[in-house]
$ cat upload_26.txt   # compact mmCIF, C-alpha atoms and all ligand atoms
# COMPACT_ATOMS: atom_id res chain seq x y z
CA MET X 649 -29.16 -10.06 -25.74
CA PHE X 650 -25.98 -8.36 -24.47
CA SER X 651 -23.70 -11.30 -25.26
CA LEU X 652 -20.01 -10.37 -25.43
CA GLU X 653 -19.03 -13.81 -26.73
CA GLY X 654 -15.82 -13.60 -28.75
CA ARG X 655 -15.11 -10.03 -27.72
CA ASN X 656 -11.81 -8.77 -26.27
CA ALA X 657 -11.92 -6.13 -23.54
CA LEU X 658 -9.21 -4.21 -21.72
CA VAL X 659 -10.09 -2.77 -18.31
CA THR X 660 -7.85 -0.26 -16.50
CA GLY X 661 -7.89 0.01 -12.71
CA ALA X 662 -9.24 -3.52 -12.96
CA ALA X 663 -8.08 -4.63 -9.52
CA GLY X 664 -10.16 -2.01 -7.70
CA GLY X 665 -13.67 -2.17 -6.27
CA LEU X 666 -15.53 -1.19 -9.44
CA GLY X 667 -12.88 -2.46 -11.89
CA SER X 668 -12.96 -6.02 -10.57
CA ALA X 669 -16.77 -6.05 -10.70
CA ILE X 670 -16.60 -4.85 -14.31
CA VAL X 671 -14.12 -7.62 -15.14
CA GLU X 672 -16.52 -10.19 -13.64
CA ALA X 673 -19.50 -8.78 -15.52
CA LEU X 674 -17.72 -8.62 -18.90
CA ALA X 675 -16.41 -12.15 -18.38
CA GLY X 676 -19.85 -13.36 -17.36
CA ALA X 677 -21.22 -11.99 -20.63
CA GLY X 678 -18.59 -13.94 -22.56
CA ALA X 679 -15.70 -11.51 -23.12
CA ASN X 680 -12.00 -12.24 -22.88
CA VAL X 681 -10.52 -9.63 -20.55
CA ALA X 682 -7.13 -7.98 -20.13
CA VAL X 683 -7.05 -7.13 -16.42
CA THR X 684 -4.73 -4.11 -16.15
CA ASP X 685 -3.78 -2.11 -13.08
CA LEU X 686 -0.89 -0.18 -11.57
CA ASP X 687 -0.92 -2.83 -8.85
CA GLU X 688 0.19 -5.92 -10.76
CA ALA X 689 -0.23 -8.37 -7.87
CA SER X 690 -3.84 -7.32 -7.31
CA ALA X 691 -4.50 -7.47 -11.06
CA ALA X 692 -3.16 -11.02 -11.05
CA SER X 693 -5.47 -12.06 -8.22
CA THR X 694 -8.47 -10.42 -9.95
CA ALA X 695 -7.61 -12.32 -13.14
CA ARG X 696 -7.18 -15.56 -11.19
CA ALA X 697 -10.59 -15.12 -9.53
CA ALA X 698 -12.23 -14.51 -12.91
CA ALA X 699 -10.45 -17.48 -14.47
CA ALA X 700 -11.65 -19.72 -11.64
CA ARG X 701 -15.24 -18.62 -12.19
CA PHE X 702 -15.29 -18.43 -15.98
CA ASP X 703 -12.77 -21.05 -17.02
CA GLN X 704 -13.78 -21.00 -20.67
CA ARG X 705 -12.54 -17.38 -21.06
CA ALA X 706 -9.08 -15.95 -21.59
CA PHE X 707 -7.77 -13.54 -18.97
CA ARG X 708 -4.47 -11.76 -18.81
CA ALA X 709 -3.17 -9.67 -15.89
CA ILE X 710 -0.98 -6.82 -17.08
CA ARG X 711 0.68 -3.96 -15.21
CA CYS X 712 -0.39 -0.63 -16.67
CA ASP X 713 0.22 2.86 -15.32
CA VAL X 714 -2.37 4.90 -17.19
CA THR X 715 -0.40 8.12 -16.62
CA ASP X 716 2.58 6.77 -18.57
CA GLU X 717 2.36 6.69 -22.36
CA ALA X 718 4.97 3.91 -22.74
CA SER X 719 3.29 1.77 -20.09
CA VAL X 720 -0.09 2.15 -21.84
CA ARG X 721 1.43 1.22 -25.19
CA ALA X 722 3.15 -1.84 -23.70
CA ALA X 723 -0.01 -2.98 -21.91
CA PHE X 724 -2.06 -2.81 -25.10
CA SER X 725 0.63 -4.76 -27.00
CA ALA X 726 0.67 -7.46 -24.33
CA ALA X 727 -3.13 -7.61 -24.26
CA GLU X 728 -3.45 -7.85 -28.06
CA GLU X 729 -0.75 -10.49 -28.21
CA ALA X 730 -2.59 -12.58 -25.60
CA LEU X 731 -6.20 -12.00 -26.63
CA GLY X 732 -6.28 -10.47 -30.11
CA PRO X 733 -7.55 -7.03 -31.15
CA ILE X 734 -9.12 -5.04 -28.30
CA ASP X 735 -12.66 -4.04 -29.27
CA THR X 736 -13.77 -2.82 -25.84
CA LEU X 737 -11.95 -0.42 -23.54
CA VAL X 738 -13.22 0.33 -20.04
CA ASN X 739 -11.29 3.20 -18.41
CA VAL X 740 -11.72 2.77 -14.65
CA ALA X 741 -8.35 3.66 -13.04
CA GLY X 742 -8.66 6.43 -10.52
CA THR X 743 -7.37 7.90 -7.29
CA PHE X 744 -9.03 10.03 -4.62
CA HIS X 745 -7.61 12.94 -2.66
CA ALA X 746 -9.85 15.05 -0.39
CA VAL X 747 -8.30 18.35 0.63
CA ARG X 748 -9.36 21.96 1.17
CA PHE X 749 -8.87 23.82 -2.08
CA GLU X 750 -6.62 26.46 -0.48
CA ASP X 751 -4.32 23.66 0.74
CA MET X 752 -4.10 21.79 -2.56
CA SER X 753 -0.61 21.77 -4.04
CA PHE X 754 -0.10 22.09 -7.77
CA ALA X 755 1.57 18.66 -7.69
CA ALA X 756 -1.53 17.07 -6.10
CA TRP X 757 -3.80 18.80 -8.62
CA ARG X 758 -1.70 17.55 -11.54
CA ALA X 759 -1.42 14.01 -10.16
CA LEU X 760 -5.21 13.72 -9.90
CA LEU X 761 -5.76 15.04 -13.41
CA ALA X 762 -2.97 12.81 -14.74
CA CYS X 763 -4.59 9.65 -13.43
CA HIS X 764 -8.20 10.36 -14.41
CA LEU X 765 -8.02 12.65 -17.43
CA ASP X 766 -4.61 11.95 -19.00
CA GLY X 767 -5.13 8.24 -18.30
CA THR X 768 -8.47 8.24 -20.10
CA PHE X 769 -6.91 10.15 -22.99
CA LEU X 770 -3.85 7.89 -23.32
CA CYS X 771 -5.78 4.60 -23.19
CA THR X 772 -8.54 5.82 -25.48
CA ARG X 773 -6.04 7.13 -28.02
CA GLN X 774 -4.19 3.80 -27.92
CA ALA X 775 -7.39 1.78 -28.46
CA LEU X 776 -9.11 3.93 -31.05
CA PRO X 777 -7.10 3.47 -34.28
CA GLY X 778 -7.62 -0.32 -34.34
CA MET X 779 -11.31 0.09 -33.54
CA LEU X 780 -11.73 2.60 -36.39
CA ALA X 781 -9.80 0.36 -38.79
CA ARG X 782 -12.10 -2.56 -37.95
CA GLY X 783 -15.25 -0.36 -37.93
CA PHE X 784 -16.28 -1.44 -34.45
CA GLY X 785 -15.42 -0.40 -30.91
CA ARG X 786 -16.82 0.33 -27.49
CA ILE X 787 -15.19 2.86 -25.18
CA VAL X 788 -16.59 3.17 -21.68
CA CYS X 789 -15.10 5.79 -19.37
CA THR X 790 -15.68 6.38 -15.67
CA SER X 791 -16.97 9.74 -14.53
CA SER X 792 -18.71 10.51 -11.22
CA VAL X 793 -21.63 12.39 -9.74
CA ALA X 794 -18.87 14.79 -8.64
CA ALA X 795 -18.69 16.16 -12.20
CA ALA X 796 -22.30 17.26 -12.65
CA GLY X 797 -23.04 17.96 -8.98
CA GLY X 798 -19.69 19.27 -7.79
CA VAL X 799 -18.23 18.06 -4.51
CA ALA X 800 -16.55 20.12 -1.81
CA TYR X 801 -12.96 19.19 -0.89
CA GLU X 802 -12.58 17.19 -4.11
CA VAL X 803 -12.21 20.02 -6.60
CA ALA X 804 -9.45 18.37 -8.66
CA TYR X 805 -11.50 15.18 -8.78
CA GLY X 806 -14.60 17.06 -9.95
CA ALA X 807 -12.54 18.92 -12.55
CA ALA X 808 -10.98 15.70 -13.85
CA LYS X 809 -14.34 13.96 -14.10
CA GLY X 810 -15.85 17.02 -15.83
CA GLY X 811 -12.99 16.77 -18.31
CA ILE X 812 -13.82 13.12 -18.95
CA ASP X 813 -17.46 14.07 -19.62
CA GLY X 814 -16.28 16.61 -22.20
CA LEU X 815 -13.94 14.09 -23.83
CA VAL X 816 -16.77 11.55 -24.08
CA ARG X 817 -19.31 13.93 -25.61
CA SER X 818 -16.88 15.35 -28.16
CA LEU X 819 -15.16 12.10 -29.18
CA ALA X 820 -18.53 10.37 -29.56
CA ARG X 821 -19.46 12.98 -32.16
CA GLU X 822 -16.12 12.64 -33.92
CA VAL X 823 -16.29 8.83 -34.36
CA GLY X 824 -20.06 8.28 -34.24
CA GLY X 825 -20.32 7.40 -37.92
CA ARG X 826 -17.49 4.87 -37.80
CA GLY X 827 -18.84 2.11 -35.55
CA VAL X 828 -17.28 3.25 -32.28
CA THR X 829 -19.37 4.38 -29.32
CA VAL X 830 -17.99 6.46 -26.44
CA ASN X 831 -19.85 6.75 -23.16
CA ALA X 832 -19.21 7.29 -19.48
CA ILE X 833 -20.61 5.71 -16.38
CA ALA X 834 -20.92 8.34 -13.62
CA PRO X 835 -21.44 6.36 -10.41
CA GLY X 836 -22.90 7.76 -7.24
CA TYR X 837 -21.65 6.12 -4.02
CA PHE X 838 -20.80 2.41 -4.22
CA ASP X 839 -19.69 -0.21 -1.72
CA THR X 840 -16.03 -0.18 -2.72
CA PRO X 841 -13.00 -0.06 -0.41
CA VAL X 842 -12.73 3.73 -0.56
CA ASN X 843 -16.32 4.13 0.68
CA VAL X 844 -16.39 1.15 3.02
CA ALA X 845 -13.50 2.87 4.85
CA LYS X 846 -15.45 6.12 5.40
CA PRO X 847 -16.44 6.99 8.99
CA PRO X 848 -19.95 5.66 9.79
CA GLU X 849 -21.33 9.18 10.44
CA GLU X 850 -20.27 10.29 6.96
CA LYS X 851 -21.86 7.21 5.38
CA THR X 852 -25.10 7.86 7.27
CA LEU X 853 -25.21 11.48 6.08
CA LEU X 854 -24.50 10.47 2.49
CA THR X 855 -27.14 7.73 2.58
CA ARG X 856 -29.73 10.33 3.65
CA ASN X 857 -29.17 11.91 0.23
CA ILE X 858 -29.80 8.63 -1.61
CA PRO X 859 -33.54 8.04 -2.03
CA VAL X 860 -32.96 4.35 -2.81
CA GLY X 861 -31.61 4.17 0.74
CA ARG X 862 -28.25 2.48 0.24
CA PHE X 863 -24.89 2.70 -1.52
CA GLY X 864 -24.75 0.93 -4.88
CA LYS X 865 -23.36 -2.56 -5.40
CA PRO X 866 -20.33 -2.77 -7.73
CA ALA X 867 -22.13 -5.44 -9.80
CA GLU X 868 -24.70 -2.75 -10.67
CA VAL X 869 -21.95 -0.82 -12.45
CA GLY X 870 -20.73 -4.05 -14.05
CA ALA X 871 -24.15 -4.65 -15.59
CA LEU X 872 -24.17 -1.17 -17.10
CA ALA X 873 -20.68 -1.71 -18.54
CA VAL X 874 -21.90 -4.91 -20.21
CA TYR X 875 -24.81 -3.05 -21.78
CA LEU X 876 -22.59 -0.23 -23.05
CA ALA X 877 -20.13 -2.78 -24.48
CA SER X 878 -22.86 -4.76 -26.23
CA ASP X 879 -23.90 -4.73 -29.87
CA GLU X 880 -27.35 -3.64 -28.70
CA ALA X 881 -25.95 -0.32 -27.41
CA ALA X 882 -24.87 0.82 -30.89
CA TYR X 883 -27.22 3.84 -30.72
CA THR X 884 -26.16 4.86 -27.22
CA THR X 885 -23.16 7.15 -27.58
CA GLY X 886 -21.92 10.43 -26.15
CA GLN X 887 -23.85 9.73 -22.95
CA ILE X 888 -22.94 10.15 -19.30
CA ILE X 889 -25.08 7.57 -17.52
CA SER X 890 -25.30 7.84 -13.75
CA PRO X 891 -26.29 4.86 -11.60
CA ASN X 892 -26.73 6.73 -8.32
CA GLY X 893 -29.97 5.76 -6.53
CA ALA X 894 -31.31 9.28 -7.34
CA PHE X 895 -28.52 10.77 -5.21
CA THR X 896 -28.04 14.52 -4.97
CA TYR X 897 -25.53 16.23 -2.73
CA GLY X 898 -27.02 17.79 0.37
CA SER X 899 -25.13 20.27 2.50
CA ALA X 900 -24.82 18.54 5.87
CA ASP X 901 -22.66 15.77 4.46
CA LEU X 902 -20.21 18.31 3.09
CA GLU X 903 -20.09 20.46 6.23
CA SER X 904 -19.16 17.38 8.23
CA ARG X 905 -15.87 16.90 6.42
N1 LIG Z 1001 -16.47 3.87 -5.65
C1 LIG Z 1001 -17.33 4.81 -5.95
O1 LIG Z 1001 -18.34 4.98 -5.23
C2 LIG Z 1001 -17.11 5.69 -7.13
C3 LIG Z 1001 -18.02 6.73 -7.39
C4 LIG Z 1001 -17.84 7.53 -8.51
C5 LIG Z 1001 -16.78 7.30 -9.35
N2 LIG Z 1001 -15.91 6.30 -9.08
C6 LIG Z 1001 -14.80 6.09 -10.02
O2 LIG Z 1001 -14.71 4.71 -10.32
C7 LIG Z 1001 -13.35 4.37 -10.57
C8 LIG Z 1001 -12.97 3.20 -9.69
O3 LIG Z 1001 -13.23 3.51 -8.35
P1 LIG Z 1001 -13.05 2.41 -7.21
O4 LIG Z 1001 -13.94 2.77 -6.10
O5 LIG Z 1001 -13.11 1.07 -7.81
O6 LIG Z 1001 -11.55 2.73 -6.73
P2 LIG Z 1001 -10.42 1.72 -6.24
O7 LIG Z 1001 -9.44 2.58 -5.49
O8 LIG Z 1001 -11.01 0.54 -5.55
O9 LIG Z 1001 -9.78 1.22 -7.60
C9 LIG Z 1001 -8.99 2.07 -8.40
C10 LIG Z 1001 -7.94 1.22 -9.07
O10 LIG Z 1001 -7.17 2.08 -9.93
C11 LIG Z 1001 -5.83 1.70 -9.81
N3 LIG Z 1001 -4.96 2.81 -10.19
C12 LIG Z 1001 -4.66 3.93 -9.48
N4 LIG Z 1001 -3.80 4.69 -10.15
C13 LIG Z 1001 -3.56 4.04 -11.33
C14 LIG Z 1001 -2.74 4.32 -12.44
N5 LIG Z 1001 -1.97 5.43 -12.50
N6 LIG Z 1001 -2.73 3.44 -13.47
C15 LIG Z 1001 -3.49 2.32 -13.42
N7 LIG Z 1001 -4.26 1.98 -12.38
C16 LIG Z 1001 -4.29 2.84 -11.35
C17 LIG Z 1001 -5.64 1.28 -8.36
O11 LIG Z 1001 -4.50 0.43 -8.19
C18 LIG Z 1001 -6.95 0.57 -8.07
O12 LIG Z 1001 -6.88 -0.82 -8.30
C19 LIG Z 1001 -12.54 5.64 -10.34
O13 LIG Z 1001 -12.31 6.28 -11.57
C20 LIG Z 1001 -13.44 6.46 -9.47
O14 LIG Z 1001 -13.17 7.84 -9.58
C21 LIG Z 1001 -16.04 5.49 -7.98

$ encode --input "upload_26.txt" --output "structure tokens"
Amino acid sequence: MFSLEGRNALVTGAAGGLGSAIVEALAGAGANVAVTDLDEASAASTARAAAARFDQRAFRAIRCDVTDEASVRAAFSAAEEALGPIDTLVNVAGTFHAVRFEDMSFAAWRALLACHLDGTFLCTRQALPGMLARGFGRIVCTSSVAAAGGVAYEVAYGAAKGGIDGLVRSLAREVGGRGVTVNAIAPGYFDTPVNVAKPPEEKTLLTRNIPVGRFGKPAEVGALAVYLASDEAAYTTGQIISPNGAFTYGSADLESR
């Protein structure tokens, strides 16, 4: 079950903490992977690491700025030229910006939405026509517990992730009868660079709100991505699935910031 043998995936933000774990997981399940990121050097080292571990697969590192329509188009062309038609898209690229709402500039608001929401739109729109023409596709987006739960000081982030949830639910209904599934993974807190760098007191407060008692491991998101990309997940669509250790926001963690 859950074999991705012969499948071609494109991952955005693939050099990051969750993106690189998703690349590893997809590759481990048998997929060829286009490793795309704004940071081309880091994408290349992620692709090299995957190639060293899974030498029977094809990997291609490609620079892609998900906020730029031309860059997205070029990245998909390069990926399809190297691997063949892309049947699986995993939208992971993201940025974080914590600020009091009254201090948030319009430029910062727009930049956050551009990366998460416009980026998800542009990549999904680029991938979809080929998937519909072939009658098969898997689109996996990345939301966050910040969308359903809300998170203080990250209002633009919560708004962008809420927008992704809406995109997923609506697009899944639009293409549900044509072989393409659209879902989102909404992680809680994971051991990725952005969280590893948090002050210890903040991590302790957050962990108190996680009944499982720890931050998640990136490979736990990778495993979910493999499931959502698999043939077996054909009936799972329009869903926002949240690996989060039963996390809910408390209030002390937010007051501390
Ligand atoms: N880490 C967590 O605990 C957590 C929790 C909930 C949601 N998420 C979401 O998961 C995703 C990945 O998070 P992460 O922790 O791996 O972050 P990360 O910062 O480690 O990785 C993000 C990657 O996106 C890339 N990127 C940034 N802007 C880009 C752009 N314009 N075009 C293409 N690539 C771009 C960065 O270069 C980086 O490699 C994000 O969407 C984030 O919002 C993460």

$ closest_atom_pairs --input "upload_26.txt" --of "segment 731-772 of chain X" --to "segment 821-837 of chain X" --cutoff "10 Å" --atoms "only C-alpha atoms" --output "Markdown table"
| residue | atom | partner | partner_atom | distance |
| --- | --- | --- | --- | --- |
| X:Asp735 | CA | X:Val828 | CA | 9.1 |
| X:Thr736 | CA | X:Val828 | CA | 9.5 |
| X:Leu737 | CA | X:Val830 | CA | 9.6 |
| X:Val738 | CA | X:Ala832 | CA | 9.2 |
| X:Asn739 | CA | X:Ala832 | CA | 9.0 |
| X:Val740 | CA | X:Ile833 | CA | 9.5 |
| X:Thr772 | CA | X:Val830 | CA | 9.5 |

$ write_last_selection --input "upload_26.txt" --atoms "C-alpha atoms" --output "mmCIF file, in the frame of the given file"
data_model
loop_
_atom_site.group_PDB
_atom_site.id
_atom_site.type_symbol
_atom_site.label_atom_id
_atom_site.label_comp_id
_atom_site.auth_asym_id
_atom_site.auth_seq_id
_atom_site.Cartn_x
_atom_site.Cartn_y
_atom_site.Cartn_z
ATOM 1 C CA ASP X 735 -12.660 -4.040 -29.270
ATOM 2 C CA THR X 736 -13.770 -2.820 -25.840
ATOM 3 C CA LEU X 737 -11.950 -0.420 -23.540
ATOM 4 C CA VAL X 738 -13.220 0.330 -20.040
ATOM 5 C CA ASN X 739 -11.290 3.200 -18.410
ATOM 6 C CA VAL X 740 -11.720 2.770 -14.650
ATOM 7 C CA THR X 772 -8.540 5.820 -25.480
#

$ closest_atom_pairs --input "upload_26.txt" --of "chain X" --to "ligand LIG 1001 (chain Z)" --cutoff "7 Å" --atoms "only C-alpha atoms and all ligand atoms" --output "JSON lines"
{"residue": "X:Thr660", "atom": "CA", "partner": "Z:LIG1001", "partner_atom": "N7", "distance": 5.9}
{"residue": "X:Gly661", "atom": "CA", "partner": "Z:LIG1001", "partner_atom": "O10", "distance": 3.5}
{"residue": "X:Ala662", "atom": "CA", "partner": "Z:LIG1001", "partner_atom": "O12", "distance": 5.9}
{"residue": "X:Ala663", "atom": "CA", "partner": "Z:LIG1001", "partner_atom": "O12", "distance": 4.2}
{"residue": "X:Gly664", "atom": "CA", "partner": "Z:LIG1001", "partner_atom": "O9", "distance": 3.3}
{"residue": "X:Gly665", "atom": "CA", "partner": "Z:LIG1001", "partner_atom": "O5", "distance": 3.6}
{"residue": "X:Leu666", "atom": "CA", "partner": "Z:LIG1001", "partner_atom": "O5", "distance": 3.7}
{"residue": "X:Gly667", "atom": "CA", "partner": "Z:LIG1001", "partner_atom": "O5", "distance": 5.4}
{"residue": "X:Asp685", "atom": "CA", "partner": "Z:LIG1001", "partner_atom": "N7", "distance": 4.2}
{"residue": "X:Leu686", "atom": "CA", "partner": "Z:LIG1001", "partner_atom": "C15", "distance": 4.1}
{"residue": "X:Asp687", "atom": "CA", "partner": "Z:LIG1001", "partner_atom": "O11", "distance": 4.9}
{"residue": "X:Cys712", "atom": "CA", "partner": "Z:LIG1001", "partner_atom": "C15", "distance": 5.4}
{"residue": "X:Asp713", "atom": "CA", "partner": "Z:LIG1001", "partner_atom": "N6", "distance": 3.5}
{"residue": "X:Val714", "atom": "CA", "partner": "Z:LIG1001", "partner_atom": "N6", "distance": 4.0}
{"residue": "X:Thr715", "atom": "CA", "partner": "Z:LIG1001", "partner_atom": "N5", "distance": 5.2}
{"residue": "X:Val740", "atom": "CA", "partner": "Z:LIG1001", "partner_atom": "C7", "distance": 4.7}
{"residue": "X:Ala741", "atom": "CA", "partner": "Z:LIG1001", "partner_atom": "O10", "distance": 3.7}
{"residue": "X:Gly742", "atom": "CA", "partner": "Z:LIG1001", "partner_atom": "O13", "distance": 3.8}
{"residue": "X:Thr743", "atom": "CA", "partner": "Z:LIG1001", "partner_atom": "C12", "distance": 5.3}
{"residue": "X:Phe744", "atom": "CA", "partner": "Z:LIG1001", "partner_atom": "O14", "distance": 6.8}
{"residue": "X:Cys763", "atom": "CA", "partner": "Z:LIG1001", "partner_atom": "N5", "distance": 5.1}
{"residue": "X:His764", "atom": "CA", "partner": "Z:LIG1001", "partner_atom": "O13", "distance": 6.5}
{"residue": "X:Thr790", "atom": "CA", "partner": "Z:LIG1001", "partner_atom": "O13", "distance": 5.3}
{"residue": "X:Ser791", "atom": "CA", "partner": "Z:LIG1001", "partner_atom": "C5", "distance": 5.7}
{"residue": "X:Ser792", "atom": "CA", "partner": "Z:LIG1001", "partner_atom": "C4", "distance": 4.1}
{"residue": "X:Val793", "atom": "CA", "partner": "Z:LIG1001", "partner_atom": "C4", "distance": 6.3}
{"residue": "X:Ala834", "atom": "CA", "partner": "Z:LIG1001", "partner_atom": "C4", "distance": 6.0}
{"residue": "X:Pro835", "atom": "CA", "partner": "Z:LIG1001", "partner_atom": "C4", "distance": 4.2}
{"residue": "X:Gly836", "atom": "CA", "partner": "Z:LIG1001", "partner_atom": "C3", "distance": 5.0}
{"residue": "X:Tyr837", "atom": "CA", "partner": "Z:LIG1001", "partner_atom": "O1", "distance": 3.7}
{"residue": "X:Phe838", "atom": "CA", "partner": "Z:LIG1001", "partner_atom": "O1", "distance": 3.7}
{"residue": "X:Asp839", "atom": "CA", "partner": "Z:LIG1001", "partner_atom": "O1", "distance": 6.4}
{"residue": "X:Thr840", "atom": "CA", "partner": "Z:LIG1001", "partner_atom": "O4", "distance": 4.9}
{"residue": "X:Pro841", "atom": "CA", "partner": "Z:LIG1001", "partner_atom": "O8", "distance": 5.5}
{"residue": "X:Val842", "atom": "CA", "partner": "Z:LIG1001", "partner_atom": "O4", "distance": 5.8}
{"residue": "X:Asn843", "atom": "CA", "partner": "Z:LIG1001", "partner_atom": "O1", "distance": 6.3}

$ write_last_selection --input "upload_26.txt" --atoms "C-alpha atoms" --output "compact mmCIF listing (two decimals), in the frame of the given file"
# COMPACT_ATOMS: atom_id res chain seq x y z
CA THR X 660 -7.85 -0.26 -16.50
CA GLY X 661 -7.89 0.01 -12.71
CA ALA X 662 -9.24 -3.52 -12.96
CA ALA X 663 -8.08 -4.63 -9.52
CA GLY X 664 -10.16 -2.01 -7.70
CA GLY X 665 -13.67 -2.17 -6.27
CA LEU X 666 -15.53 -1.19 -9.44
CA GLY X 667 -12.88 -2.46 -11.89
CA ASP X 685 -3.78 -2.11 -13.08
CA LEU X 686 -0.89 -0.18 -11.57
CA ASP X 687 -0.92 -2.83 -8.85
CA CYS X 712 -0.39 -0.63 -16.67
CA ASP X 713 0.22 2.86 -15.32
CA VAL X 714 -2.37 4.90 -17.19
CA THR X 715 -0.40 8.12 -16.62
CA VAL X 740 -11.72 2.77 -14.65
CA ALA X 741 -8.35 3.66 -13.04
CA GLY X 742 -8.66 6.43 -10.52
CA THR X 743 -7.37 7.90 -7.29
CA PHE X 744 -9.03 10.03 -4.62
CA CYS X 763 -4.59 9.65 -13.43
CA HIS X 764 -8.20 10.36 -14.41
CA THR X 790 -15.68 6.38 -15.67
CA SER X 791 -16.97 9.74 -14.53
CA SER X 792 -18.71 10.51 -11.22
CA VAL X 793 -21.63 12.39 -9.74
CA ALA X 834 -20.92 8.34 -13.62
CA PRO X 835 -21.44 6.36 -10.41
CA GLY X 836 -22.90 7.76 -7.24
CA TYR X 837 -21.65 6.12 -4.02
CA PHE X 838 -20.80 2.41 -4.22
CA ASP X 839 -19.69 -0.21 -1.72
CA THR X 840 -16.03 -0.18 -2.72
CA PRO X 841 -13.00 -0.06 -0.41
CA VAL X 842 -12.73 3.73 -0.56
CA ASN X 843 -16.32 4.13 0.68

$ atom_distance --input "upload_26.txt" --atom1 "atom CA of Ser651 of chain X" --atom2 "atom CA of Ser878 of chain X"
6.7 Å

$ closest_residue --input "upload_26.txt" --among "X:Pro777, X:Ala682, X:Ile889, X:Lys865" --to "Arg817 of chain X" --atoms "all atoms listed in the file"
X:Ile889

$ atom_distance --input "upload_26.txt" --atom1 "atom CA of Ser725 of chain X" --atom2 "atom CA of Ala867 of chain X"
28.5 Å

$ atom_distance --input "upload_26.txt" --atom1 "atom CA of Leu819 of chain X" --atom2 "atom CA of Cys789 of chain X"
11.7 Å

$ closest_residue --input "upload_26.txt" --among "X:Ala689, X:Ala877, X:Leu776, X:Ala808" --to "Ala677 of chain X" --atoms "all atoms listed in the file"
X:Ala877

$ closest_residue --input "upload_26.txt" --among "X:Val720, X:Met649, X:Ala755, X:Val799" --to "Ala775 of chain X" --atoms "all atoms listed in the file"
X:Val720

$ residues_near_point --input "upload_26.txt" --point "(-10.2, -10.5, -6.2)" --cutoff "10 Å" --atoms "only C-alpha atoms" --output "ChimeraX atom specification"
/X:662-665,668-669,672,690-698

$ write_last_selection --input "upload_26.txt" --atoms "C-alpha atoms" --output "JSON list (two decimals), in the frame of the given file"
[["chain", "number", "residue", "atom", "x", "y", "z"],
["X", 662, "ALA", "CA", -9.24, -3.52, -12.96],
["X", 663, "ALA", "CA", -8.08, -4.63, -9.52],
["X", 664, "GLY", "CA", -10.16, -2.01, -7.70],
["X", 665, "GLY", "CA", -13.67, -2.17, -6.27],
["X", 668, "SER", "CA", -12.96, -6.02, -10.57],
["X", 669, "ALA", "CA", -16.77, -6.05, -10.70],
["X", 672, "GLU", "CA", -16.52, -10.19, -13.64],
["X", 690, "SER", "CA", -3.84, -7.32, -7.31],
["X", 691, "ALA", "CA", -4.50, -7.47, -11.06],
["X", 692, "ALA", "CA", -3.16, -11.02, -11.05],
["X", 693, "SER", "CA", -5.47, -12.06, -8.22],
["X", 694, "THR", "CA", -8.47, -10.42, -9.95],
["X", 695, "ALA", "CA", -7.61, -12.32, -13.14],
["X", 696, "ARG", "CA", -7.18, -15.56, -11.19],
["X", 697, "ALA", "CA", -10.59, -15.12, -9.53],
["X", 698, "ALA", "CA", -12.23, -14.51, -12.91]]

$ residues_around --input "upload_26.txt" --residues "segment 855-857 of chain X" --least-positions-apart "2" --cutoff "9 Å" --atoms "only C-alpha atoms" --output "PyMOL selection string"
chain X and resi 837+850-853+859-863+894-898+901

$ closest_residue --input "upload_26.txt" --among "X:Leu765, X:Ser753, X:Ala700, X:Val659" --to "Tyr805 of chain X" --atoms "only C-alpha atoms"
X:Leu765

$ closest_residue --input "upload_26.txt" --among "X:Tyr883, X:Tyr801, X:Phe769, X:Phe749" --to "Glu717 of chain X" --atoms "all atoms listed in the file"
X:Phe769

$ residues_around --input "upload_26.txt" --residues "Ala796 of chain X" --least-positions-apart "5" --cutoff "9 Å" --atoms "only C-alpha atoms" --output "PDB file with C-alpha atoms, keeping the file's coordinate frame"
ATOM      1  CA  GLY X 806     -14.600  17.060  -9.950  1.00  0.00           C
ATOM      2  CA  LYS X 809     -14.340  13.960 -14.100  1.00  0.00           C
ATOM      3  CA  GLY X 810     -15.850  17.020 -15.830  1.00  0.00           C
TER       4      GLY X 810
END

$ residues_around --input "upload_26.txt" --residues "Arg748 of chain X" --least-positions-apart "5" --cutoff "9 Å" --atoms "all atoms listed in the file" --output "list in words"
Ala800, Tyr801, Glu802 and Val803 of chain X

$ closest_residue --input "upload_26.txt" --among "X:Leu674, X:Leu780, X:Ala709, X:Leu815" --to "Gly767 of chain X" --atoms "all atoms listed in the file"
X:Leu815
